[in-house]
Every structure is written in structure tokens, then in C-alpha cells.
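See below for entry07.pdb, which holds PDB, C-alpha atoms.
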ATOM      1  CA  MET A 238    -133.670 -48.221  73.568
ATOM      2  CA  GLU A 239    -130.338 -48.180  71.757
ATOM      3  CA  ALA A 240    -129.302 -45.080  73.697
ATOM      4  CA  PHE A 241    -130.115 -46.845  76.974
ATOM      5  CA  LEU A 242    -128.088 -49.930  76.021
ATOM      6  CA  ALA A 243    -125.151 -47.801  74.840
ATOM      7  CA  VAL A 244    -124.996 -45.826  78.106
ATOM      8  CA  ALA A 245    -125.372 -48.994  80.195
ATOM      9  CA  ARG A 246    -122.537 -50.733  78.285
ATOM     10  CA  ALA A 247    -120.222 -47.724  78.507
ATOM     11  CA  ARG A 248    -121.118 -47.075  82.172
ATOM     12  CA  GLY A 249    -121.420 -43.409  81.340
ATOM     13  CA  PHE A 250    -122.853 -40.848  78.945
ATOM     14  CA  ARG A 251    -119.531 -39.449  77.747
ATOM     15  CA  GLY A 252    -118.134 -42.859  76.753
ATOM     16  CA  ALA A 253    -121.374 -43.832  75.021
ATOM     17  CA  ALA A 254    -121.452 -40.495  73.205
ATOM     18  CA  LEU A 255    -117.906 -40.947  71.908
ATOM     19  CA  GLN A 256    -118.644 -44.482  70.728
ATOM     20  CA  GLY A 257    -121.909 -43.489  69.041
ATOM     21  CA  ASN A 258    -120.690 -40.164  67.624
ATOM     22  CA  VAL A 259    -123.558 -38.285  69.312
ATOM     23  CA  SER A 260    -123.666 -35.726  72.087
ATOM     24  CA  ALA A 261    -123.885 -36.742  75.735
ATOM     25  CA  SER A 262    -126.771 -34.290  76.186
ATOM     26  CA  ALA A 263    -128.755 -36.032  73.426
ATOM     27  CA  LEU A 264    -128.258 -39.393  75.130
ATOM     28  CA  SER A 265    -129.247 -37.933  78.496
ATOM     29  CA  ALA A 266    -132.431 -36.459  77.010
ATOM     30  CA  ALA A 267    -133.305 -39.791  75.363
ATOM     31  CA  LEU A 268    -132.859 -41.605  78.689
ATOM     32  CA  ARG A 269    -135.047 -39.102  80.515
ATOM     33  CA  ARG A 270    -137.804 -39.574  77.926
ATOM     34  CA  LEU A 271    -137.576 -43.346  78.197
ATOM     35  CA  GLU A 272    -137.678 -43.363  82.002
ATOM     36  CA  SER A 273    -140.556 -40.881  81.982
ATOM     37  CA  ARG A 274    -142.523 -43.041  79.541
ATOM     38  CA  LEU A 275    -141.922 -46.203  81.569
ATOM     39  CA  GLY A 276    -142.326 -44.537  84.956
ATOM     40  CA  VAL A 277    -139.259 -46.421  86.251
ATOM     41  CA  ARG A 278    -135.662 -45.342  86.908
ATOM     42  CA  LEU A 279    -133.366 -47.438  84.737
ATOM     43  CA  LEU A 280    -129.940 -45.995  85.591
ATOM     44  CA  ASN A 281    -128.375 -44.786  88.812
ATOM     45  CA  ARG A 282    -126.334 -41.692  87.995
ATOM     46  CA  THR A 283    -123.529 -40.229  90.092
ATOM     47  CA  THR A 284    -120.731 -37.826  89.222
ATOM     48  CA  ARG A 285    -118.367 -40.808  88.880
ATOM     49  CA  SER A 286    -120.419 -43.613  87.379
ATOM     50  CA  VAL A 287    -123.639 -44.745  85.772
ATOM     51  CA  THR A 288    -124.978 -48.175  86.730
ATOM     52  CA  PRO A 289    -128.223 -50.004  85.911
ATOM     53  CA  THR A 290    -130.933 -50.283  88.535
ATOM     54  CA  GLU A 291    -132.547 -53.679  89.106
ATOM     55  CA  ALA A 292    -135.240 -52.729  86.609
ATOM     56  CA  GLY A 293    -132.591 -51.455  84.194
ATOM     57  CA  GLN A 294    -130.636 -54.696  84.405
ATOM     58  CA  ARG A 295    -133.789 -56.699  83.680
ATOM     59  CA  LEU A 296    -134.496 -54.515  80.653
ATOM     60  CA  ILE A 297    -130.908 -54.917  79.407
ATOM     61  CA  GLU A 298    -131.217 -58.705  79.541
ATOM     62  CA  ARG A 299    -134.437 -58.656  77.520
ATOM     63  CA  LEU A 300    -133.492 -55.910  75.076
ATOM     64  CA  THR A 301    -129.987 -57.033  74.075
ATOM     65  CA  PRO A 302    -130.995 -60.046  71.940
ATOM     66  CA  LEU A 303    -133.996 -58.177  70.512
ATOM     67  CA  VAL A 304    -131.950 -55.180  69.397
ATOM     68  CA  GLY A 305    -129.421 -57.605  67.911
ATOM     69  CA  GLU A 306    -132.174 -59.290  65.905
ATOM     70  CA  ILE A 307    -133.493 -55.956  64.664
ATOM     71  CA  GLY A 308    -130.001 -54.910  63.643
ATOM     72  CA  GLY A 309    -129.512 -58.228  61.868
ATOM     73  CA  ALA A 310    -132.801 -57.831  60.012
ATOM     74  CA  LEU A 311    -131.897 -54.337  58.833
ATOM     75  CA  ASP A 312    -128.382 -55.443  57.988
ATOM     76  CA  SER A 313    -129.720 -58.266  55.783
ATOM     77  CA  ILE A 314    -130.762 -55.573  53.306
ATOM     78  CA  ASN A 315    -127.051 -55.060  52.675
ATOM     79  CA  ALA A 316    -127.125 -58.208  50.574
ATOM     80  CA  TYR A 317    -129.015 -56.213  47.924
ATOM     81  CA  ARG A 318    -126.376 -53.494  47.700
ATOM     82  CA  ASP A 319    -123.508 -53.500  45.248
ATOM     83  CA  SER A 320    -121.188 -52.967  48.208
ATOM     84  CA  PRO A 321    -121.936 -53.432  51.953
ATOM     85  CA  THR A 322    -122.286 -50.393  54.188
ATOM     86  CA  GLY A 323    -122.187 -49.839  57.903
ATOM     87  CA  THR A 324    -119.733 -49.771  60.795
ATOM     88  CA  LEU A 325    -117.301 -52.531  61.722
ATOM     89  CA  ARG A 326    -116.036 -52.242  65.314
ATOM     90  CA  LEU A 327    -112.845 -54.144  66.180
ATOM     91  CA  ASN A 328    -111.174 -54.579  69.568
ATOM     92  CA  VAL A 329    -107.401 -55.000  69.148
ATOM     93  CA  PRO A 330    -104.218 -54.843  71.261
ATOM     94  CA  SER A 331    -101.766 -51.978  70.762
ATOM     95  CA  ILE A 332     -99.163 -54.105  68.928
ATOM     96  CA  VAL A 333    -101.801 -54.983  66.312
ATOM     97  CA  ALA A 334    -103.140 -51.423  66.095
ATOM     98  CA  ARG A 335     -99.651 -50.100  65.374
ATOM     99  CA  TYR A 336     -97.969 -52.756  63.260
ATOM    100  CA  VAL A 337    -100.530 -55.203  61.848
ATOM    101  CA  LEU A 338    -103.855 -53.521  61.175
ATOM    102  CA  PRO A 339    -102.982 -50.226  59.397
ATOM    103  CA  GLN A 340    -101.999 -51.708  56.019
ATOM    104  CA  ILE A 341    -104.769 -54.316  56.148
ATOM    105  CA  ALA A 342    -107.326 -51.625  57.022
ATOM    106  CA  ALA A 343    -106.198 -49.400  54.172
ATOM    107  CA  ARG A 344    -106.611 -52.189  51.598
ATOM    108  CA  PHE A 345    -109.957 -53.260  53.045
ATOM    109  CA  LEU A 346    -111.451 -49.771  53.172
ATOM    110  CA  ARG A 347    -110.361 -49.025  49.606
ATOM    111  CA  ALA A 348    -112.186 -52.192  48.532
ATOM    112  CA  HIS A 349    -115.283 -51.314  50.615
ATOM    113  CA  PRO A 350    -115.775 -47.530  50.632
ATOM    114  CA  GLY A 351    -119.221 -47.855  52.251
ATOM    115  CA  ILE A 352    -117.818 -49.334  55.467
ATOM    116  CA  MET A 353    -116.533 -47.290  58.413
ATOM    117  CA  LEU A 354    -113.913 -49.065  60.550
ATOM    118  CA  ASP A 355    -114.038 -48.263  64.277
ATOM    119  CA  VAL A 356    -110.926 -49.599  66.057
ATOM    120  CA  VAL A 357    -110.824 -49.839  69.851
ATOM    121  CA  THR A 358    -107.268 -50.344  71.157
ATOM    122  CA  ASP A 359    -107.231 -52.329  74.385
ATOM    123  CA  ASP A 360    -104.436 -54.472  75.831
ATOM    124  CA  ALA A 361    -106.679 -55.898  78.549
ATOM    125  CA  PHE A 362    -108.374 -59.290  78.356
ATOM    126  CA  VAL A 363    -111.894 -58.178  77.445
ATOM    127  CA  ASP A 364    -115.260 -59.660  76.564
ATOM    128  CA  MET A 365    -115.366 -58.421  73.000
ATOM    129  CA  LEU A 366    -119.160 -58.691  72.671
ATOM    130  CA  ALA A 367    -119.836 -57.017  76.026
ATOM    131  CA  ALA A 368    -117.584 -54.178  74.867
ATOM    132  CA  GLY A 369    -119.932 -53.633  71.927
ATOM    133  CA  CYS A 370    -117.511 -54.862  69.250
ATOM    134  CA  ASP A 371    -118.243 -57.061  66.237
ATOM    135  CA  ALA A 372    -114.905 -58.880  66.324
ATOM    136  CA  GLY A 373    -111.533 -58.817  68.006
ATOM    137  CA  ILE A 374    -107.886 -59.531  67.284
ATOM    138  CA  ARG A 375    -105.816 -61.285  69.937
ATOM    139  CA  TYR A 376    -103.047 -63.834  70.288
ATOM    140  CA  GLU A 377    -104.100 -67.463  70.629
ATOM    141  CA  GLU A 378    -103.833 -67.771  74.399
ATOM    142  CA  ARG A 379    -106.114 -64.750  74.816
ATOM    143  CA  VAL A 380    -108.828 -65.593  72.295
ATOM    144  CA  GLU A 381    -112.187 -65.976  73.994
ATOM    145  CA  ARG A 382    -113.786 -69.423  74.034
ATOM    146  CA  ASP A 383    -116.469 -70.560  71.582
ATOM    147  CA  MET A 384    -115.250 -68.213  68.877
ATOM    148  CA  ILE A 385    -114.280 -68.734  65.273
ATOM    149  CA  ALA A 386    -110.689 -67.633  64.709
ATOM    150  CA  MET A 387    -108.511 -67.113  61.665
ATOM    151  CA  PRO A 388    -104.955 -65.829  61.093
ATOM    152  CA  ILE A 389    -104.491 -62.159  60.311
ATOM    153  CA  GLY A 390    -101.171 -60.431  59.709
ATOM    154  CA  PRO A 391     -97.765 -62.081  60.226
ATOM    155  CA  ARG A 392     -97.788 -65.817  60.852
ATOM    156  CA  MET A 393     -94.835 -65.701  63.242
ATOM    157  CA  GLN A 394     -93.488 -63.037  65.591
ATOM    158  CA  ARG A 395     -90.680 -62.804  68.145
ATOM    159  CA  PHE A 396     -89.969 -61.367  71.545
ATOM    160  CA  VAL A 397     -86.511 -59.784  71.604
ATOM    161  CA  ALA A 398     -84.264 -58.693  74.481
ATOM    162  CA  ALA A 399     -82.067 -55.648  73.849
ATOM    163  CA  ALA A 400     -79.980 -52.992  75.576
ATOM    164  CA  SER A 401     -78.009 -49.905  74.616
ATOM    165  CA  PRO A 402     -74.301 -50.223  73.750
ATOM    166  CA  ALA A 403     -73.486 -47.979  76.733
ATOM    167  CA  TYR A 404     -75.340 -50.247  79.146
ATOM    168  CA  LEU A 405     -73.639 -53.379  77.795
ATOM    169  CA  ALA A 406     -70.211 -51.702  77.965
ATOM    170  CA  GLU A 407     -70.823 -50.906  81.628
ATOM    171  CA  ARG A 408     -72.652 -54.029  82.828
ATOM    172  CA  GLY A 409     -71.572 -56.706  80.365
ATOM    173  CA  ARG A 410     -73.614 -58.895  78.036
ATOM    174  CA  PRO A 411     -75.728 -61.756  79.460
ATOM    175  CA  SER A 412     -74.872 -65.131  77.909
ATOM    176  CA  LYS A 413     -77.916 -67.030  79.177
ATOM    177  CA  PRO A 414     -81.366 -66.015  80.512
ATOM    178  CA  GLN A 415     -80.384 -66.797  84.101
ATOM    179  CA  ASP A 416     -77.771 -63.996  83.917
ATOM    180  CA  LEU A 417     -80.606 -61.451  83.837
ATOM    181  CA  VAL A 418     -81.143 -61.763  87.591
ATOM    182  CA  SER A 419     -77.990 -59.658  88.055
ATOM    183  CA  HIS A 420     -78.983 -57.070  85.437
ATOM    184  CA  ALA A 421     -81.248 -54.013  85.485
ATOM    185  CA  CYS A 422     -84.415 -54.969  83.625
ATOM    186  CA  ILE A 423     -87.111 -52.679  82.272
ATOM    187  CA  ARG A 424     -90.383 -54.365  83.136
ATOM    188  CA  HIS A 425     -93.896 -54.301  81.673
ATOM    189  CA  ARG A 426     -97.162 -54.247  83.615
ATOM    190  CA  PHE A 427    -100.358 -55.454  81.918
ATOM    191  CA  PRO A 428    -103.648 -53.535  82.344
ATOM    192  CA  SER A 429    -104.742 -56.237  84.810
ATOM    193  CA  GLY A 430    -101.832 -55.263  87.063
ATOM    194  CA  VAL A 431     -99.892 -58.461  86.369
ATOM    195  CA  ILE A 432     -96.168 -57.929  85.777
ATOM    196  CA  ALA A 433     -94.896 -59.746  82.701
ATOM    197  CA  VAL A 434     -92.711 -62.804  83.135
ATOM    198  CA  TRP A 435     -89.906 -63.014  80.580
ATOM    199  CA  GLU A 436     -89.826 -66.270  78.601
ATOM    200  CA  PHE A 437     -86.913 -67.536  76.536
ATOM    201  CA  GLU A 438     -86.656 -70.682  74.438
ATOM    202  CA  ARG A 439     -83.825 -72.595  72.741
ATOM    203  CA  ARG A 440     -84.030 -76.057  71.196
ATOM    204  CA  GLY A 441     -87.245 -76.830  73.042
ATOM    205  CA  LYS A 442     -85.996 -75.652  76.453
ATOM    206  CA  VAL A 443     -88.070 -72.860  77.997
ATOM    207  CA  VAL A 444     -86.662 -70.585  80.708
ATOM    208  CA  ARG A 445     -88.879 -68.160  82.632
ATOM    209  CA  ILE A 446     -87.396 -65.198  84.454
ATOM    210  CA  ARG A 447     -89.066 -62.792  86.876
ATOM    211  CA  PRO A 448     -86.961 -59.698  86.189
ATOM    212  CA  GLU A 449     -86.104 -56.909  88.586
ATOM    213  CA  GLY A 450     -85.082 -53.398  87.701
ATOM    214  CA  PRO A 451     -85.439 -49.653  88.109
ATOM    215  CA  LEU A 452     -88.482 -49.117  85.868
ATOM    216  CA  LEU A 453     -91.947 -50.706  85.781
ATOM    217  CA  SER A 454     -94.396 -49.297  83.241
ATOM    218  CA  SER A 455     -97.444 -50.171  81.149
ATOM    219  CA  THR A 456     -96.290 -47.835  78.353
ATOM    220  CA  THR A 457     -94.075 -49.465  75.739
ATOM    221  CA  GLU A 458     -92.786 -46.157  74.378
ATOM    222  CA  MET A 459     -91.474 -45.211  77.812
ATOM    223  CA  GLN A 460     -89.787 -48.592  78.185
ATOM    224  CA  VAL A 461     -88.055 -48.325  74.801
ATOM    225  CA  GLN A 462     -86.774 -44.818  75.542
ATOM    226  CA  ALA A 463     -85.491 -45.990  78.917
ATOM    227  CA  ALA A 464     -83.568 -48.804  77.235
ATOM    228  CA  VAL A 465     -82.123 -46.433  74.632
ATOM    229  CA  SER A 466     -80.956 -44.103  77.414
ATOM    230  CA  GLY A 467     -79.016 -46.975  79.007
ATOM    231  CA  LEU A 468     -81.284 -47.665  81.965
ATOM    232  CA  GLY A 469     -81.426 -51.421  81.450
ATOM    233  CA  ILE A 470     -82.439 -54.415  79.312
ATOM    234  CA  ILE A 471     -85.848 -54.495  77.631
ATOM    235  CA  HIS A 472     -87.802 -57.560  76.456
ATOM    236  CA  THR A 473     -90.771 -57.019  74.149
ATOM    237  CA  PHE A 474     -92.197 -57.492  70.649
ATOM    238  CA  GLU A 475     -89.491 -57.166  68.010
ATOM    239  CA  GLU A 476     -91.667 -54.675  66.117
ATOM    240  CA  PHE A 477     -91.518 -52.186  69.005
ATOM    241  CA  LEU A 478     -87.707 -52.320  68.989
ATOM    242  CA  GLN A 479     -87.026 -52.461  65.252
ATOM    243  CA  PRO A 480     -86.305 -48.724  64.669
ATOM    244  CA  SER A 481     -83.871 -48.611  67.591
ATOM    245  CA  LEU A 482     -82.225 -51.874  66.530
ATOM    246  CA  ALA A 483     -81.872 -50.626  62.956
ATOM    247  CA  SER A 484     -80.240 -47.367  64.084
ATOM    248  CA  GLY A 485     -77.901 -49.093  66.525
ATOM    249  CA  ALA A 486     -79.418 -47.325  69.543
ATOM    250  CA  LEU A 487     -80.225 -50.786  70.877
ATOM    251  CA  VAL A 488     -78.341 -54.070  70.465
ATOM    252  CA  PRO A 489     -80.033 -57.480  70.711
ATOM    253  CA  VAL A 490     -78.940 -59.813  73.511
ATOM    254  CA  LEU A 491     -79.663 -63.519  74.012
ATOM    255  CA  ASP A 492     -80.650 -63.634  70.349
ATOM    256  CA  GLU A 493     -80.368 -67.424  70.209
ATOM    257  CA  TRP A 494     -82.937 -67.576  73.024
ATOM    258  CA  CYS A 495     -85.552 -65.381  71.283
ATOM    259  CA  GLN A 496     -88.989 -66.892  71.677
ATOM    260  CA  ARG A 497     -91.027 -67.262  68.500
ATOM    261  CA  PHE A 498     -94.811 -67.539  68.605
ATOM    262  CA  SER A 499     -97.742 -67.625  66.226
ATOM    263  CA  GLY A 500     -99.162 -64.313  65.002
ATOM    264  CA  PRO A 501    -102.491 -62.715  65.875
ATOM    265  CA  LEU A 502    -105.944 -64.111  65.136
ATOM    266  CA  LEU A 503    -109.135 -62.399  64.048
ATOM    267  CA  TYR A 504    -111.962 -63.894  66.112
ATOM    268  CA  TYR A 505    -115.699 -63.433  66.092
ATOM    269  CA  PRO A 506    -118.844 -65.229  67.351
ATOM    270  CA  SER A 507    -120.392 -68.063  65.424
ATOM    271  CA  ARG A 508    -123.745 -66.799  64.246
ATOM    272  CA  THR A 509    -125.898 -67.337  61.193
ATOM    273  CA  HIS A 510    -126.686 -63.696  60.469
ATOM    274  CA  MET A 511    -123.296 -62.043  60.481
ATOM    275  CA  PRO A 512    -123.369 -58.239  60.024
ATOM    276  CA  ALA A 513    -122.494 -57.327  56.443
ATOM    277  CA  PRO A 514    -119.383 -55.245  57.351
ATOM    278  CA  LEU A 515    -118.005 -58.136  59.413
ATOM    279  CA  ARG A 516    -118.796 -60.653  56.681
ATOM    280  CA  ALA A 517    -116.986 -58.452  54.163
ATOM    281  CA  PHE A 518    -113.950 -58.192  56.465
ATOM    282  CA  VAL A 519    -113.859 -61.946  57.144
ATOM    283  CA  ASP A 520    -114.082 -62.694  53.421
ATOM    284  CA  PHE A 521    -111.346 -60.151  52.731
ATOM    285  CA  ILE A 522    -108.994 -61.721  55.305
ATOM    286  CA  LYS A 523    -109.835 -65.239  54.098
ATOM    287  CA  ASN A 524    -109.013 -64.229  50.535
ATOM    288  CA  GLU A 525    -105.690 -62.691  51.550
ATOM    289  CA  GLY A 526    -104.927 -65.777  53.642
ATOM    290  CA  ALA A 527    -105.728 -68.096  50.740
ATOM    291  CA  GLN A 528    -103.281 -66.187  48.562
ATOM    292  CA  ARG A 529    -100.592 -66.766  51.227
ATOM    293  CA  GLY A 530    -101.635 -70.366  51.805
ATOM    294  CA  ASP A 531    -102.913 -69.868  55.367
ATOM    295  CA  GLY A 532    -105.213 -72.413  56.956
ATOM    296  CA  GLU A 533    -108.980 -72.290  56.912
ATOM    297  CA  VAL A 534    -111.148 -70.665  59.532
ATOM    298  CA  ARG A 535    -111.120 -72.731  62.725
ATOM    299  CA  ARG A 536    -113.019 -72.788  65.991
ATOM    300  CA  THR A 537    -111.096 -72.291  69.236
ATOM    301  CA  LYS A 538    -111.521 -74.803  72.020
TER     302      LYS A 538
END

Please rewrite the model in this file as C-alpha cells.
Amino acid sequence: MEAFLAVARARGFRGAALQGNVSASALSAALRRLESRLGVRLLNRTTRSVTPTEAGQRLIERLTPLVGEIGGALDSINAYRDSPTGTLRLNVPSIVARYVLPQIAARFLRAHPGIMLDVVTDDAFVDMLAAGCDAGIRYEERVERDMIAMPIGPRMQRFVAAASPAYLAERGRPSKPQDLVSHACIRHRFPSGVIAVWEFERRGKVVRIRPEGPLLSSTTEMQVQAAVSGLGIIHTFEEFLQPSLASGALVPVLDEWCQRFSGPLLYYPSRTHMPAPLRAFVDFIKNEGAQRGDGEVRRTK
């Protein structure tokens, strides 16, 4: 049953195998046995995709809460261990995976050696539970509704605009956001296909710019290298630019217009029987937050 749900969620045997650390052939054999026992085809299989049949979809709807209850019952035994065990699966954006989570994860895993942390990096707006994750980390405007959320990592971050000295020597330095319409801008495309709008703020005034330029990419590393090579002006998380700013390869522009925003949030569903690895992680983050003086856990609207 778990194999069937895993393949249905991943829409394929290979993805489910990678997530479950088993072989695709083992999952395929388990599905064949299940369908043979039931006498009903549960999944439509093609070379490109795997989708549930009508019967398979009905079984998914009935099985999902039941398997969750069984997992919760087994997980409740963790309360009798000296230290919780199991897997904690987090869905996080790339900025968090690179600059926020590594140090937190190292401290947490040293404190809880029986827990395995499985981090899924995804910049798309996703249904964290449908993706098979226990919790997610996102910025406030992207936190799913009806979730409990709490601060994790830096409380404030900035978006910074920057360009190479060579570019600024050739094209000049913009003095206000509106000047960017006459500059070459290196643009970012989200996984949804939406092209990022650049926002700037000074003394409560917000200016939004739809940039134009020679490069459009969904890969931050490519954008940074393009800016360093003098192709144009980049606008992104300060953390992505910090090494280049520190070395002088990039120079900040419109610094007084840098937009500040609140840091990321750990969010998870409100449920009575929280899996032990997630409970341990929430308690760990709450304890670190209390030491910094962060606010209590809160529910998003």
C-alpha cells in the first residue's frame, strides 16, 4: 500500500524509488502483486508518466488518511525512546537550502543522531503535504494557508542590486529605480514561468520595475556570473551576491533603495499527533528562537 501511494505521489517509479531509497524494480513488483491481488488496475503506465486509474484514485483517497494514522500510531512509540528516530522530510527553497539550513541542520542532527533529514529543494509554490513532506520553509507570502508557522534563520534579509565596475564605467550608475529602464538587466524566471518584478523601497515609498535585458534565467549562479562578466545589473538576495561584493567583482547600486523583508518561516500542519522527528525539530527551532527572543509559534491566516 505504501509503495502504491509513493508511486502515485511521485507520478513515476524512478522518483518514488529515489524518495524511498528502494529500487524501482522492487516498487514495480509490489504494484504488480497488489493489482493482481485486487484484480483491478490501479495505475496507468506509459513511458513518460504514471497516473492513477479511477479505481486507483479512489483507493488513494481512502488509503492516505489510514496510512497516516498507522504511521502516527507507530511513531507514538518514539515517546518511549531516549532520543526520537525516523526521517524528517523538509521542502525548502534554494536560498534556504544554501544559506539558512546547513548550520541549523548540523546542530539539530548532532543533537538527534537517530533522525535522518531529507531535504527537498524546490523554488516552486508547492503543496508541501501532497509532495510527501512533513514540513516546509518558505517566506511569509508563500506559506500555505491553515498552517502553523515560526521563524527560522535570519529575521531580516535584503534584496540587493549590483553590477560590475566595468559595466558601471561604461553605462553609468543608476541614481533611482526608474533609471533601470535604460540599463541592461539580468532577469530571473520563477519555476512557474513568471518573470520577477524588481521592487525597491525607501522611506515607505515602493517602486516596482519590470526590467529588460539580454539574459533571462531561472539559475541564480548563471545570473551572478553574467553580472560579474559585465553583462548587466542583477537584483537578488544579498546572500547570493555576498562573495562577489566582498571581492569587488560586483558593486552595489541603489543601496538606499534596498528592500528589506522578514526572514523565512518553518511551517507545518496543525495536528495532534505530530511525527516525533518533526516534533523534535520544532522544539529545537523554538528553543533557538527563545534564546534569540523570537516570537512564539503562530498560525498563518

Residue nearest Arg278 of chain A - candidates A:Phe241, A:Phe427, A:Phe518, A:Tyr336, atoms counted: all atoms listed in the file: A:Phe241

For this file, the PyMOL selection byres ((chain A and resi 450) around 12) selects which residues, as JSON, numbers by chain? {"A": [417, 418, 419, 420, 421, 422, 423, 424, 425, 447, 448, 449, 451, 452, 453, 454, 460, 463, 464, 468, 469, 470, 471]}

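Of note, atom CA of Leu242 of chain A and atom CA of Val259 of chain A are spaced 14.2 Å apart.
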
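When only C-alpha atoms are used to compute distances to Glu298 of chain A, the closest of the residues A:Ala483, A:Ala245, A:Asp355, A:Ile385 turns out to be A:Ala245.
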
Would you translate the PyMOL selection byres ((chain A and resi 351) around 7) into the concrete set of residues it matches in this file, as a ChimeraX atom specification? /A:320-323,349-350,352-353

Can you translate the PyMOL selection byres ((chain A and resi 292) around 9) into the concrete residues it hits in this file, as a ChimeraX atom specification? /A:277-280,289-291,293-297

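Closest approach to Pro330 of chain A from the set A:Arg248, A:Arg375, A:Lys413, A:His472 is made by A:Arg375, with distances taken over all atoms listed in the file.
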
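As for atom CA of Ile522 of chain A and atom CA of Met387 of chain A, they are spaced 8.4 Å apart.
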
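When atom CA of Arg445 of chain A is paired with atom CA of Gly500 of chain A, their separation reads 20.8 Å.
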